[in-house]
Amino acid sequence: MGCTGWRLLWLACLVSTFLQYGAVRVTVRESGLEVVRGDSVTLPCSFFTMMPLFRLSIIWTLTPVSDPDTPTQVIVYDQGQVIESPSFMGRVGFAGMPWSADIILNSTWVSDAGVYRCVVSNPPETGDPGIGELSLTVLAPPSLPVCLWEGDTDAGGNVRLSCGVVEGFPTPQVIWEKLEPDKTTLPVNMDDDMTGSVHIANVSAQTSGLYRCSVTNPLGTQHCYINLSVYTPPDNSPGILQGVMLSLSMALLLLALMVLVLWLHRSAQESKWRISHEDDECYNEIKYTPALIKRSFV
């Protein structure tokens with residue numbers, strides 16, 4: 001075969017290879033990654049292209065867990081220029097340009113969690129751009145919870161204790177405890193993923209005390225406290241009983257005095273009557289004595 005034949009064969013092979021690999025191929029080595037909030041993480045994205053890299057374009061986007069309907073741009077490489085998104089400014093960069101589309105994300109936030117997409121195109125490559133996806137989970141200890149109470153703290157009223165946390169992944173567990181006088185774990189109603197409450201009905205003096213809310217996940221635990229004081233009206237029954245007993249005592253004393261006065265009065269009357277009666281008898285005896293009668297005639 002002559003030189004012309006070899007050139008045609010080589011050209012045919014080149015065309016076949018170009019047709020076979022005409023589109024950029026993207027490979028993502030990890031489908032899911034985890035990072036602790038504040039740490040750095042590398043998001044891998046490898047690509048293969050047959051064309052020179054003069055017009056290479058790489059776009060990284062994020063579909064956040066907190067707002068899956070609103071994808072946002074992370075970083076762009078376009079023909080040698082790098083453009084960072086304002087929300088990632090100073091925290092993101094390419095790791096091996098132009099031969100790799102890997103990026104490094106520093107000082108991660110909880111809001112960085114979501115699905116990342118790497119889109120690579122390299123004109124004049126034909127076909128659709130190469131696309132790779134991976135998910136990023138940002139782990140975080142619970143933030144400091146906020147404890148609140150509402151309701152009626154008078155005896156017999158109802159009180160609600162609530163405890164909410166803004167941040168934490170995995171989702172923190174909420175635990176309510178009464179610490180005084182004895183430590184008691186209370187049943188918790190989860191109002192949402194980050195808020196737990198306790199309902200206390202018909203509060204009394206025994207309800208008063210120090211309450212603690214604990215929010216915990218594998219990365220840490222945080223606490224907040226409520227010192228609950230229940231107002232109980234003073235018990236007047238001992239005073240009433242004392243008043244009744246005093247009144248009865250005074251009544252009995254007055255009755256005794258009246259009886260004594262009546263008795264003394266009657267005794268005095270009887271004494272007067274007795275003396276008067278005795279005087280009358282003595283007079284009669286003197287008046288009718290025979291000796292006195294005889295003397296009266298002498």
# chains A, B, ... in the order shown; residues from 1 in each chain; ligands from 1
$ select_by_dssp --residues "region 137-240 of chain A" --states "strand (DSSP E or B)" --output "number ranges by chain"
A: 137-140, 146-151, 154, 159-164, 169, 173-178, 184-186, 189-192, 195-200, 209-217, 220-228, 231
$ select_by_dssp --residues "region 91-253 of chain A" --states "helix (DSSP H, G or I)" --output "list in words"
Val110, Ser111, Asp112, Ala205, Gln206, Thr207, Ser237, Pro238, Gly239, Ile240, Leu241, Gln242, Gly243, Val244, Met245, Leu246, Ser247, Leu248, Ser249, Met250, Ala251, Leu252 and Leu253 of chain A
$ write_last_selection --atoms "C-alpha atoms" --output "short mmCIF file (atom, residue, chain, number, x, y, z; two decimals), in the first residue's frame"
data_model
loop_
_atom_site.label_atom_id
_atom_site.label_comp_id
_atom_site.auth_asym_id
_atom_site.auth_seq_id
_atom_site.Cartn_x
_atom_site.Cartn_y
_atom_site.Cartn_z
CA VAL A 110 -24.26 24.15 56.68
CA SER A 111 -25.91 25.94 53.76
CA ASP A 112 -23.25 24.40 51.46
CA ALA A 205 -46.13 24.37 94.00
CA GLN A 206 -44.52 21.01 93.17
CA THR A 207 -44.20 22.16 89.54
CA SER A 237 -57.31 27.75 106.96
CA PRO A 238 -55.01 27.71 110.04
CA GLY A 239 -55.82 31.39 110.72
CA ILE A 240 -59.53 30.75 110.34
CA LEU A 241 -59.35 27.81 112.73
CA GLN A 242 -57.45 29.89 115.26
CA GLY A 243 -60.04 32.66 114.98
CA VAL A 244 -62.89 30.22 115.50
CA MET A 245 -61.19 28.66 118.51
CA LEU A 246 -60.51 32.10 119.99
CA SER A 247 -64.14 33.14 119.50
CA LEU A 248 -65.36 29.95 121.12
CA SER A 249 -62.97 30.45 124.01
CA MET A 250 -64.16 34.02 124.54
CA ALA A 251 -67.78 32.93 124.32
CA LEU A 252 -67.22 30.21 126.88
CA LEU A 253 -65.39 32.69 129.11
#
$ closest_residue --among "A:Phe88, A:Trp109, A:Tyr211, A:Tyr77" --to "Leu139 (chain A)" --atoms "only C-alpha atoms"
A:Trp109
$ closest_residue --among "A:Gly168, A:Val28, A:Gly114, A:Ser85" --to "Ser100 (chain A)" --atoms "only C-alpha atoms"
A:Val28
$ closest_residue --among "A:Trp149, A:Thr70, A:Ser143, A:Ile200" --to "Glu167 (chain A)" --atoms "only C-alpha atoms"
A:Ser143
